[in-house]
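J.: Coordinates in start01.cif, mmCIF, C-alpha atoms and all ligand atoms, are listed below.
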```cif
data_my_file
loop_
_atom_site.label_atom_id
_atom_site.label_comp_id
_atom_site.auth_asym_id
_atom_site.auth_seq_id
_atom_site.Cartn_x
_atom_site.Cartn_y
_atom_site.Cartn_z
CA MET A 1 140.60 -3.73 -6.98
CA LYS A 2 137.55 -2.01 -5.54
CA LYS A 3 134.84 -4.18 -4.01
CA THR A 4 131.23 -3.62 -5.04
CA ILE A 5 128.31 -3.17 -2.63
CA LEU A 6 124.88 -3.31 -4.28
CA PHE A 7 121.92 -1.73 -2.50
CA LEU A 8 118.54 -3.16 -3.47
CA MET A 9 115.76 -0.61 -3.01
CA SER A 10 112.85 1.12 -4.63
CA ASP A 11 111.82 4.76 -4.60
CA THR A 12 108.63 4.40 -2.60
CA GLY A 13 108.82 7.54 -0.49
CA GLY A 14 112.14 9.31 -0.02
CA GLY A 15 113.41 7.31 2.92
CA HIS A 16 114.85 4.18 1.29
CA ARG A 17 117.12 6.04 -1.11
CA ALA A 18 118.06 8.56 1.60
CA SER A 19 119.08 5.68 3.89
CA ALA A 20 121.13 3.97 1.18
CA GLN A 21 122.85 7.25 0.32
CA ALA A 22 123.61 7.89 3.99
CA ILE A 23 125.31 4.48 4.27
CA GLU A 24 127.13 5.07 0.98
CA GLU A 25 128.47 8.36 2.31
CA ALA A 26 129.57 6.69 5.54
CA VAL A 27 131.35 3.84 3.68
CA HIS A 28 133.32 6.36 1.59
CA HIS A 29 134.05 8.39 4.72
CA LEU A 30 135.44 5.37 6.60
CA TYR A 31 137.15 3.64 3.67
CA PRO A 32 137.92 6.19 0.94
CA ASN A 33 138.30 4.77 -2.59
CA GLN A 34 137.86 1.17 -1.49
CA TYR A 35 134.28 0.46 -2.54
CA THR A 36 132.07 0.92 -5.56
CA ILE A 37 128.51 1.47 -4.40
CA ILE A 38 125.46 0.94 -6.56
CA ILE A 39 122.01 1.99 -5.34
CA GLU A 40 119.47 0.38 -7.62
CA ASP A 41 115.71 0.78 -7.84
CA MET A 42 115.30 -2.92 -8.63
CA TRP A 43 111.55 -2.80 -8.74
CA LYS A 44 111.40 -0.05 -11.38
CA LYS A 45 114.43 -0.99 -13.43
CA HIS A 46 114.66 -4.75 -13.26
CA THR A 47 111.13 -6.12 -13.18
CA PRO A 48 108.82 -6.42 -16.21
CA TRP A 49 105.63 -4.48 -16.83
CA PRO A 50 103.26 -4.10 -14.93
CA PHE A 51 105.41 -4.75 -11.82
CA ASN A 52 107.81 -1.96 -12.77
CA ARG A 53 104.95 0.56 -12.50
CA LEU A 54 104.00 -0.33 -8.93
CA PRO A 55 106.40 2.11 -7.20
CA ASP A 56 104.72 4.97 -9.08
CA LEU A 57 101.49 4.14 -7.25
CA TYR A 58 103.05 4.65 -3.82
CA GLY A 59 102.46 8.43 -3.75
CA TRP A 60 98.79 7.92 -4.57
CA ILE A 61 98.17 4.93 -2.33
CA THR A 62 99.74 6.58 0.72
CA GLY A 63 97.81 9.78 -0.07
CA PRO A 64 94.27 9.69 -1.48
CA GLY A 65 94.28 5.87 -1.54
CA LEU A 66 95.15 5.49 2.13
CA PRO A 67 92.21 3.21 3.09
CA LEU A 68 93.33 0.77 0.38
CA TRP A 69 96.90 0.94 1.69
CA ARG A 70 95.70 0.16 5.22
CA LEU A 71 93.87 -2.90 3.90
CA LEU A 72 96.75 -4.16 1.74
CA TRP A 73 99.24 -3.64 4.56
CA SER A 74 97.28 -5.67 7.08
CA ILE A 75 96.36 -8.48 4.67
CA SER A 76 99.93 -8.86 3.43
CA ALA A 77 101.25 -8.91 7.00
CA TYR A 78 100.02 -12.53 7.40
CA ALA A 79 102.88 -14.96 6.85
CA ALA A 80 100.71 -17.26 4.72
CA MET A 81 99.71 -14.34 2.49
CA GLN A 82 103.34 -13.31 2.06
CA SER A 83 104.32 -16.80 0.96
CA LEU A 84 101.39 -16.92 -1.44
CA LEU A 85 102.23 -13.52 -2.94
CA PHE A 86 105.88 -14.50 -3.31
CA MET A 87 104.95 -17.76 -5.07
CA MET A 88 102.59 -15.94 -7.40
CA ILE A 89 104.82 -12.97 -8.27
CA PHE A 90 108.41 -14.18 -8.09
CA PRO A 91 108.32 -16.39 -11.24
CA PHE A 92 107.51 -13.24 -13.27
CA ILE A 93 110.29 -11.09 -11.82
CA LYS A 94 112.95 -13.73 -11.21
CA HIS A 95 114.97 -13.65 -14.43
CA ARG A 96 115.62 -9.94 -14.91
CA GLY A 97 116.61 -9.40 -11.30
CA ALA A 98 118.89 -12.43 -11.26
CA ALA A 99 120.44 -11.41 -14.61
CA TYR A 100 121.20 -7.96 -13.21
CA LEU A 101 122.89 -9.45 -10.13
CA LYS A 102 124.95 -11.76 -12.35
CA MET A 103 126.06 -8.80 -14.45
CA VAL A 104 127.05 -6.63 -11.46
CA LYS A 105 128.69 -9.48 -9.52
CA PRO A 106 128.51 -7.62 -6.19
CA ASP A 107 130.69 -8.60 -3.24
CA LEU A 108 127.89 -7.70 -0.85
CA ILE A 109 124.17 -7.10 -1.29
CA VAL A 110 122.24 -4.84 1.07
CA SER A 111 118.46 -4.52 1.18
CA VAL A 112 117.02 -1.24 2.42
CA HIS A 113 113.46 -1.97 1.32
CA PRO A 114 110.71 -4.29 2.63
CA MET A 115 110.20 -5.80 -0.84
CA MET A 116 113.88 -6.66 -1.31
CA ASN A 117 114.49 -9.30 1.36
CA GLN A 118 112.78 -12.52 0.38
CA VAL A 119 112.82 -11.36 -3.25
CA GLY A 120 116.49 -10.34 -2.93
CA MET A 121 117.31 -13.77 -1.56
CA GLY A 122 115.39 -15.33 -4.47
CA TRP A 123 117.41 -13.31 -7.03
CA LEU A 124 120.64 -14.16 -5.24
CA ASN A 125 119.90 -17.87 -5.34
CA ALA A 126 118.68 -17.73 -8.95
CA ALA A 127 121.89 -15.92 -9.94
CA GLY A 128 123.93 -18.64 -8.20
CA LEU A 129 126.00 -16.05 -6.32
CA GLN A 130 127.63 -16.89 -2.98
CA VAL A 131 127.67 -13.44 -1.38
CA PRO A 132 126.15 -12.14 1.86
CA LEU A 133 122.79 -10.37 1.83
CA ILE A 134 122.26 -7.96 4.71
CA THR A 135 118.97 -6.25 5.59
CA VAL A 136 119.01 -2.72 6.97
CA VAL A 137 115.48 -2.09 8.23
CA THR A 138 114.61 1.55 7.67
CA ASP A 139 111.24 1.57 9.43
CA MET A 140 111.49 2.53 13.06
CA VAL A 141 109.13 0.38 15.12
CA THR A 142 106.10 -1.27 13.48
CA PHE A 143 107.84 -2.35 10.27
CA HIS A 144 106.08 -4.67 7.82
CA PRO A 145 106.91 -8.36 8.42
CA SER A 146 108.19 -8.63 4.83
CA TRP A 147 111.39 -6.97 6.08
CA ILE A 148 112.22 -10.23 7.83
CA CYS A 149 113.88 -13.00 5.85
CA PRO A 150 115.64 -15.24 8.41
CA GLU A 151 118.06 -16.54 5.74
CA VAL A 152 119.88 -13.20 5.40
CA THR A 153 123.39 -12.89 6.83
CA ARG A 154 122.62 -10.00 9.18
CA CYS A 155 119.64 -7.81 10.02
CA ILE A 156 120.31 -4.28 11.23
CA VAL A 157 117.41 -2.48 12.92
CA PRO A 158 116.94 1.11 14.14
CA THR A 159 115.42 0.67 17.62
CA GLU A 160 115.14 -1.83 20.46
CA GLN A 161 111.41 -2.11 19.71
CA ALA A 162 112.23 -3.07 16.12
CA ARG A 163 114.65 -5.74 17.40
CA GLU A 164 111.88 -7.30 19.49
CA ARG A 165 109.53 -7.26 16.52
CA ALA A 166 112.17 -8.89 14.30
CA LEU A 167 112.61 -11.68 16.86
CA LYS A 168 108.85 -12.18 16.88
CA PHE A 169 108.84 -12.64 13.10
CA GLY A 170 111.56 -15.30 13.28
CA MET A 171 114.87 -13.50 12.83
CA PRO A 172 117.53 -15.39 14.82
CA ALA A 173 118.81 -13.24 17.72
CA GLU A 174 122.45 -13.66 16.72
CA LYS A 175 121.81 -12.02 13.34
CA LEU A 176 120.23 -8.89 14.85
CA VAL A 177 122.01 -5.62 15.63
CA VAL A 178 120.52 -2.26 16.72
CA TYR A 179 122.37 0.78 15.37
CA GLY A 180 119.68 3.40 14.65
CA GLN A 181 118.32 4.91 11.47
CA PRO A 182 120.99 5.66 8.85
CA VAL A 183 120.92 9.37 8.06
CA GLY A 184 123.38 11.66 6.27
CA LEU A 185 126.57 12.59 8.12
CA LYS A 186 125.87 16.29 7.58
CA PHE A 187 123.01 16.19 10.11
CA ALA A 188 125.54 15.44 12.83
CA THR A 189 128.59 17.33 11.60
CA SER A 190 127.17 20.75 10.76
CA ASN A 191 127.67 23.02 13.78
CA ARG A 192 126.91 26.40 12.21
CA ASP A 193 124.58 28.51 14.27
CA LYS A 194 120.96 29.09 13.34
CA ALA A 195 121.32 32.75 12.37
CA THR A 196 124.18 32.04 9.94
CA VAL A 197 122.33 29.17 8.26
CA ARG A 198 119.20 31.31 7.98
CA ARG A 199 121.07 34.14 6.33
CA GLN A 200 122.66 31.73 3.84
CA LEU A 201 119.23 30.42 2.96
CA GLY A 202 117.86 33.92 2.45
CA LEU A 203 115.72 33.72 5.60
CA MET A 204 115.38 36.40 8.26
CA ALA A 205 117.99 35.64 10.92
CA GLU A 206 115.93 36.53 14.00
CA ARG A 207 112.48 35.20 13.07
CA TYR A 208 110.95 32.13 14.68
CA THR A 209 111.12 29.58 11.88
CA ILE A 210 108.59 26.83 11.26
CA MET A 211 109.27 24.13 8.70
CA VAL A 212 106.47 22.07 7.17
CA MET A 213 107.10 18.93 5.13
CA GLY A 214 105.64 15.49 4.39
CA GLY A 215 108.38 13.03 3.40
CA GLY A 216 109.81 12.69 -0.08
CA GLU A 217 106.36 12.64 -1.67
CA GLY A 218 105.02 15.80 0.03
CA PHE A 219 102.37 13.73 1.75
CA GLY A 220 99.63 14.96 4.12
CA LYS A 221 97.92 18.18 5.07
CA ILE A 222 100.86 20.44 4.25
CA TYR A 223 98.80 23.10 2.50
CA LYS A 224 96.20 23.42 5.25
CA VAL A 225 98.63 23.51 8.12
CA ALA A 226 100.86 26.06 6.39
CA ARG A 227 97.87 28.31 5.71
CA TYR A 228 96.75 28.16 9.38
CA ILE A 229 100.27 28.89 10.61
CA ALA A 230 100.62 31.86 8.27
CA GLN A 231 97.30 33.27 9.52
CA GLN A 232 97.88 32.63 13.21
CA ALA A 233 101.60 33.25 13.75
CA PRO A 234 102.42 36.71 12.36
CA GLN A 235 105.79 36.74 14.17
CA ALA A 236 107.04 33.59 12.36
CA GLN A 237 108.48 32.68 8.97
CA LEU A 238 107.74 29.49 7.06
CA ILE A 239 109.79 26.95 5.17
CA ILE A 240 107.61 24.54 3.17
CA VAL A 241 109.08 21.49 1.45
CA ALA A 242 106.65 19.97 -1.04
CA GLY A 243 109.06 17.17 -2.02
CA ARG A 244 108.10 15.44 -5.28
CA ASN A 245 104.50 16.70 -5.01
CA ARG A 246 104.52 19.19 -7.91
CA ALA A 247 100.80 19.94 -7.70
CA LEU A 248 101.23 20.95 -4.06
CA LYS A 249 104.21 23.18 -4.90
CA HIS A 250 102.21 25.02 -7.59
CA LYS A 251 99.27 25.43 -5.21
CA LEU A 252 101.53 26.84 -2.50
CA GLU A 253 103.22 29.21 -4.97
CA ALA A 254 99.86 30.64 -5.99
CA VAL A 255 99.14 31.90 -2.45
CA THR A 256 99.82 35.44 -1.22
CA TRP A 257 101.40 34.61 2.12
CA GLU A 258 100.81 36.68 5.24
CA ILE A 259 104.30 35.95 6.62
CA PRO A 260 107.69 35.42 4.92
CA THR A 261 107.39 31.99 3.26
CA HIS A 262 109.95 29.95 1.34
CA ILE A 263 108.58 27.17 -0.83
CA TYR A 264 110.74 24.33 -2.13
CA GLY A 265 110.20 21.18 -4.18
CA PHE A 266 112.48 18.20 -3.52
CA VAL A 267 115.53 19.58 -1.72
CA ASP A 268 119.00 18.19 -1.14
CA ASN A 269 119.92 20.54 1.72
CA MET A 270 117.66 19.11 4.41
CA PRO A 271 120.34 19.40 7.16
CA ASP A 272 120.52 23.18 6.56
CA LEU A 273 116.75 23.60 6.46
CA MET A 274 116.34 21.67 9.72
CA ARG A 275 119.16 23.57 11.38
CA ALA A 276 117.51 26.84 10.39
CA SER A 277 114.20 25.81 11.97
CA ASP A 278 112.77 26.02 15.49
CA VAL A 279 109.87 23.63 14.89
CA LEU A 280 109.24 20.91 12.34
CA VAL A 281 105.75 19.88 11.25
CA THR A 282 105.88 16.59 9.37
CA LYS A 283 104.29 13.23 8.79
CA ALA A 284 105.77 10.48 10.94
CA GLY A 285 108.45 9.31 8.47
CA PRO A 286 111.32 7.48 10.18
CA GLY A 287 114.04 9.27 8.19
CA THR A 288 112.66 12.72 8.90
CA ILE A 289 112.09 11.96 12.60
CA SER A 290 115.63 10.62 13.05
CA GLU A 291 117.14 13.59 11.23
CA ALA A 292 115.09 15.94 13.39
CA PHE A 293 116.30 14.22 16.58
CA ILE A 294 119.91 14.69 15.55
CA THR A 295 119.26 18.35 14.83
CA GLY A 296 117.49 18.67 18.21
CA LEU A 297 114.19 19.54 16.50
CA PRO A 298 111.15 17.98 18.19
CA PRO A 299 108.75 16.93 15.42
CA VAL A 300 105.08 17.89 15.47
CA LEU A 301 103.58 14.86 13.77
CA LEU A 302 100.60 15.67 11.60
CA GLY A 303 99.58 12.37 10.07
CA TYR A 304 101.31 9.08 9.51
CA ILE A 305 101.14 6.22 7.05
CA PRO A 306 99.11 3.47 8.77
CA GLY A 307 101.22 0.38 9.30
CA GLN A 308 104.90 1.14 9.07
CA GLU A 309 104.59 4.61 10.64
CA THR A 310 101.98 3.84 13.31
CA GLY A 311 104.62 2.89 15.89
CA ASN A 312 106.65 6.04 15.21
CA VAL A 313 103.89 8.20 16.68
CA ALA A 314 103.88 6.27 19.97
CA TYR A 315 107.69 6.23 20.02
CA VAL A 316 107.91 10.02 19.73
CA GLN A 317 105.11 10.68 22.20
CA GLU A 318 106.19 8.17 24.86
CA ASN A 319 109.64 9.71 24.86
CA GLU A 320 108.20 13.26 24.98
CA ALA A 321 110.39 14.09 22.03
CA GLY A 322 107.58 15.57 19.96
CA VAL A 323 103.79 15.45 19.71
CA TYR A 324 101.10 14.02 17.50
CA VAL A 325 98.34 16.43 16.51
CA ARG A 326 95.37 15.36 14.44
CA ARG A 327 94.03 18.66 13.07
CA PRO A 328 96.02 21.29 11.17
CA LEU A 329 94.32 24.12 13.05
CA ASP A 330 95.46 22.64 16.38
CA VAL A 331 99.04 22.48 15.09
CA ALA A 332 99.03 26.22 14.44
CA GLN A 333 97.56 26.96 17.88
CA LEU A 334 100.03 24.65 19.62
CA ILE A 335 103.00 26.29 17.95
CA CYS A 336 101.68 29.72 18.90
CA ASP A 337 101.56 28.54 22.55
CA TRP A 338 105.14 27.31 22.33
CA MET A 339 106.25 30.68 20.98
CA THR A 340 104.83 32.46 24.03
CA PRO A 341 107.70 33.86 26.14
CA GLY A 342 108.28 31.70 29.24
CA ASN A 343 106.90 28.52 27.67
CA ASP A 344 109.70 25.95 27.87
CA THR A 345 107.86 22.97 26.27
CA LEU A 346 109.94 23.18 23.11
CA GLN A 347 113.19 23.21 25.04
CA HIS A 348 112.12 20.21 27.12
CA MET A 349 111.16 18.20 24.04
CA SER A 350 114.24 19.31 22.20
CA GLN A 351 116.40 17.79 24.96
CA ASN A 352 114.46 14.52 24.77
CA ALA A 353 114.79 14.49 20.97
CA ALA A 354 118.55 14.93 21.27
CA ARG A 355 118.66 12.04 23.78
CA LEU A 356 117.07 9.68 21.22
CA ALA A 357 119.40 10.78 18.42
CA ARG A 358 121.80 8.20 17.02
CA PRO A 359 124.16 10.34 14.95
CA GLN A 360 126.68 7.48 14.59
CA ALA A 361 124.19 5.04 13.04
CA SER A 362 125.34 5.39 9.43
CA LEU A 363 129.00 4.98 10.39
CA GLN A 364 128.29 1.94 12.55
CA ILE A 365 126.18 0.34 9.83
CA ALA A 366 128.81 1.10 7.17
CA ASP A 367 131.51 -0.42 9.32
CA GLU A 368 129.47 -3.54 9.98
CA LEU A 369 128.67 -3.99 6.27
CA CYS A 370 132.30 -3.66 5.24
CA GLN A 371 133.25 -6.45 7.65
CA PHE A 372 131.26 -8.80 5.40
CA VAL A 373 132.90 -7.87 2.12
N1 LIG A 401 113.82 14.41 1.82
C1 LIG A 401 114.72 15.13 1.09
N2 LIG A 401 114.25 16.15 0.33
C2 LIG A 401 112.95 16.49 0.29
C3 LIG A 401 112.03 15.75 1.05
C4 LIG A 401 112.48 14.71 1.80
O1 LIG A 401 115.92 14.86 1.11
O2 LIG A 401 112.62 17.44 -0.41
C5 LIG A 401 114.33 13.30 2.62
C6 LIG A 401 114.19 13.50 4.11
O3 LIG A 401 115.26 14.30 4.60
C7 LIG A 401 114.23 12.06 4.59
C8 LIG A 401 113.51 11.33 3.46
O4 LIG A 401 113.54 12.16 2.32
O5 LIG A 401 115.57 11.60 4.67
C9 LIG A 401 112.07 11.03 3.81
O6 LIG A 401 112.07 9.87 4.54
P1 LIG A 401 110.95 9.50 5.56
O7 LIG A 401 111.32 8.18 6.10
O8 LIG A 401 110.76 10.59 6.54
O9 LIG A 401 109.60 9.45 4.72
P2 LIG A 401 109.23 8.76 3.30
O10 LIG A 401 109.36 9.81 2.26
O11 LIG A 401 110.18 7.60 3.08
O12 LIG A 401 107.82 8.30 3.47
#
```
Taking this structure as input, can you express it in the form of structure tokens?
T.:
Amino acid sequence: MKKTILFLMSDTGGGHRASAQAIEEAVHHLYPNQYTIIIEDMWKKHTPWPFNRLPDLYGWITGPGLPLWRLLWSISAYAAMQSLLFMMIFPFIKHRGAAYLKMVKPDLIVSVHPMMNQVGMGWLNAAGLQVPLITVVTDMVTFHPSWICPEVTRCIVPTEQARERALKFGMPAEKLVVYGQPVGLKFATSNRDKATVRRQLGLMAERYTIMVMGGGEGFGKIYKVARYIAQQAPQAQLIIVAGRNRALKHKLEAVTWEIPTHIYGFVDNMPDLMRASDVLVTKAGPGTISEAFITGLPPVLLGYIPGQETGNVAYVQENEAGVYVRRPLDVAQLICDWMTPGNDTLQHMSQNAARLARPQASLQIADELCQFV
């Protein structure tokens, strides 16, 4: 009989689901037909109102409400505050979550979300199940301390810096493993050349291609930066991914673009879009950065979510695998410089990006998880 692995997550941003799906794909790749995998937005589907509405606020709070996010993030980073919040909230969300776990009867539980570790452990205990709970941290460096619940069976982190931070927050060293950020296998396995991928996507095969995105929610100054690029780089073509940000997509579609421009909403062919591109302009999301590294695309980071993405900026810059630029106009000018014949900055950073890539991460994580079932 197939064993069941239950992923606890919530759709705040695109990264948590993308990570869970990447591990799911890797499990099926390594052990075909042996596991049933369930990826569940526990917060939305198994907590009562008003808690079930909180994930819907994420797009707003990490966009226009960013100052509030910064405040909440730092206050809730104190251990005492975390305990207090858990004591206040858990009694309200305990029963539904535990009932769901009892119904599914998983053989292994995996958390890929900062809110699913201590809470996940609480549900597990309330359900009276004796199964391992493993945390896969999907924030790269400065993750929120709520990722760390020392009682879990294992804690898998993406970077050495994250391992050190986990130790600092009390995770026992013997439970920690560093494998990298789990991303889809297609990022590593697709070896089609740029021109072919471009043609398949309806792009011009020979044009310098700039992709602009902002995570699953289409966060950040996407519109402004795309407009500057279109005005300043007549020799380029643009790919813009608005993600789940419908208002942004409509606004982009209303523009008469100066250069060939392809506008998408939430896409499921990110490996192709990245492979087709020469430069990626993005917010500092860990999933996107790791995918870009594997594709050899150095990210130009325009904005980051304070807190969990702050360390990503330093990580990329210190390794010279990309740059952080504050103003959209400067992004356009920088890219124009890179496009100048004889300028080898992009090539240099591309090599560094490839050096940081961990294309095996999903497979290694999947293998490790299956050892516990
Ligand atoms: N993504 C996607 N389609 C889109 C936009 C984003 O598949 O239209 C994926 C992207 O490839 C990455 C994830 O969503 O895997 C975004 O994760 P990241 O950690 O970069 O940022 P988040 O959205 O979680 O803030």
J.: Mind pulling up the distance from atom CA of Pro145 of chain A to atom CA of Gly214 of chain A?
T.: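 Computed distance, atom CA of Gly214 of chain A to atom CA of Pro145 of chain A, equals 24.2 Å.
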J.: A:Gln360, A:Thr142, A:Ser190, A:Thr12: which is nearest Ile61 of chain A, counting all atoms listed in the file?
T.: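 Closest to Ile61 of chain A of all the choices is A:Thr12.
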J.: Using all atoms listed in the file, find each residue of chain A with at least one atom at most 7 Å away from an atom of ligand LIG 401 (chain A); report its shortest atom-to-atom pair and that distance in Å (one decimal), sort the rows by chain and rising residue number, and return the result as a tab-separated table.
T.:
```
residue	atom	partner	partner_atom	distance
A:Thr12	CA	A:LIG401	O11	6.7
A:Gly13	CA	A:LIG401	O10	3.6
A:Gly14	CA	A:LIG401	O10	3.6
A:Gly15	CA	A:LIG401	O11	3.2
A:His16	CA	A:LIG401	O11	6.1
A:Ala18	CA	A:LIG401	O5	5.0
A:Ser19	CA	A:LIG401	O5	6.9
A:Val183	CA	A:LIG401	O5	6.7
A:Gly215	CA	A:LIG401	O10	3.6
A:Gly216	CA	A:LIG401	O10	3.7
A:Glu217	CA	A:LIG401	O10	5.7
A:Val241	CA	A:LIG401	O2	5.7
A:Ala242	CA	A:LIG401	O2	6.5
A:Gly243	CA	A:LIG401	O2	3.9
A:Arg244	CA	A:LIG401	O2	6.9
A:Gly265	CA	A:LIG401	O2	5.8
A:Phe266	CA	A:LIG401	O2	3.2
A:Val267	CA	A:LIG401	O2	3.8
A:Asp268	CA	A:LIG401	O1	5.1
A:Asn269	CA	A:LIG401	O1	7.0
A:Met270	CA	A:LIG401	O3	5.4
A:Ala284	CA	A:LIG401	O8	6.7
A:Gly285	CA	A:LIG401	O8	3.3
A:Pro286	CA	A:LIG401	O7	4.1
A:Gly287	CA	A:LIG401	O7	3.6
A:Thr288	CA	A:LIG401	O8	3.7
A:Ile289	CA	A:LIG401	O8	6.4
A:Glu291	CA	A:LIG401	O3	6.9
```
J.: Contacts of segment 70-87 of chain A at 7 Å or less, counting all atoms listed in the file, minus same-chain residues fewer than 4 places along, as number ranges by chain?
T.: A: 66, 144-145, 306-307
J.: Kindly give the distance, in Å, that separates atom CA of Arg227 of chain A and atom CA of Leu302 of chain A, rounded to a single decimal.
T.: 14.2 Å
J.: For a quick check of understanding, using all atoms listed in the file, which of A:Cys370, A:Ile305, A:Gly63, A:Phe7 has the smallest distance to Asn245 of chain A?
T.: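 For Asn245 of chain A, the nearest of the candidates is A:Gly63.
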J.: Give me the residues near Val281 of chain A as a list in words, where near means some atom within 10 Å (using all atoms listed in the file) and where sequence neighbours in that chain fewer than 5 positions away do not count.
T.: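 The residues satisfying every condition are Ile210, Met211, Val212, Met213, Gly214, Ile222, Val225, Ala226, Ile240, Leu297, Pro298, Pro299, Val300, Leu301, Leu302, Gly303, Gly322, Val323, Tyr324, Val325, Pro328, Val331, Ala332 and Ile335 of chain A.
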J.: Could you state the separation of atom CA of Val27 of chain A and atom CA of Leu369 of chain A in Å, given to one decimal place?
T.: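 About the pair atom CA of Val27 of chain A and atom CA of Leu369 of chain A: they are 8.7 Å apart.
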J.: Using only C-alpha atoms, which of A:Val104, A:Ala20, A:Ala247, A:Ile37 sits nearest Val137 of chain A?
T.: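 Comparing A:Val104, A:Ala20, A:Ala247, A:Ile37 against Val137 of chain A, the winner is A:Ala20.
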J.: Which residues, written as a ChimeraX atom specification, have at least one atom at most 12 Å from Asp41 of chain A, with all atoms listed in the file counted and residues fewer than 6 positions away on the same chain left out?
T.: /A:6-12,16-17,20,47,52-56,97,100,111-113,115-116
J.: Taking all atoms listed in the file into account, name the residue in A:Ala188, A:Leu248, A:Met121, A:Ala127 that is nearest to Met103 of chain A.
T.: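 So, comparing all the options, the nearest one is A:Ala127.
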J.: Under the rule that all atoms listed in the file are counted, which of A:His29, A:His250, A:Arg165, A:Arg275 is the nearest residue to Arg192 of chain A?
T.: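 Result for the nearest residue to Arg192 of chain A: A:Arg275.
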J.: First collect every listed atom of segment 158-164 of chain A; then fit an axis-aligned box around them, widen it by 6 Å on each side, and give centre and edge lengths in Å to one decimal, as AutoDock Vina command-line options.
T.:
```
--center_x 114.2 --center_y -3.1 --center_z 17.3 --size_x 17.5 --size_y 20.4 --size_z 18.3
```
J.: So, with all atoms listed in the file as the atoms that count, which of A:Glu320, A:Glu164, A:Asp107, A:Glu24 lies closest to His348 of chain A?
T.: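 That would be A:Glu320, the residue with the smallest distance to His348 of chain A.
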J.: Within 12 Å of Pro150 of chain A, counting only C-alpha atoms, which residues qualify if same-chain residues fewer than 4 places away don't, as a tab-separated table (two decimals) with C-alpha atoms, in the frame of the given file?
T.:
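Contents of the output file out-v4.tsv:
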```tsv
chain	number	residue	atom	x	y	z
A	117	ASN	CA	114.49	-9.30	1.36
A	118	GLN	CA	112.78	-12.52	0.38
A	121	MET	CA	117.31	-13.77	-1.56
A	133	LEU	CA	122.79	-10.37	1.83
A	134	ILE	CA	122.26	-7.96	4.71
A	135	THR	CA	118.97	-6.25	5.59
A	145	PRO	CA	106.91	-8.36	8.42
A	146	SER	CA	108.19	-8.63	4.83
A	154	ARG	CA	122.62	-10.00	9.18
A	155	CYS	CA	119.64	-7.81	10.02
A	166	ALA	CA	112.17	-8.89	14.30
A	167	LEU	CA	112.61	-11.68	16.86
A	168	LYS	CA	108.85	-12.18	16.88
A	169	PHE	CA	108.84	-12.64	13.10
A	170	GLY	CA	111.56	-15.30	13.28
A	171	MET	CA	114.87	-13.50	12.83
A	172	PRO	CA	117.53	-15.39	14.82
A	173	ALA	CA	118.81	-13.24	17.72
A	174	GLU	CA	122.45	-13.66	16.72
A	175	LYS	CA	121.81	-12.02	13.34
A	176	LEU	CA	120.23	-8.89	14.85
```
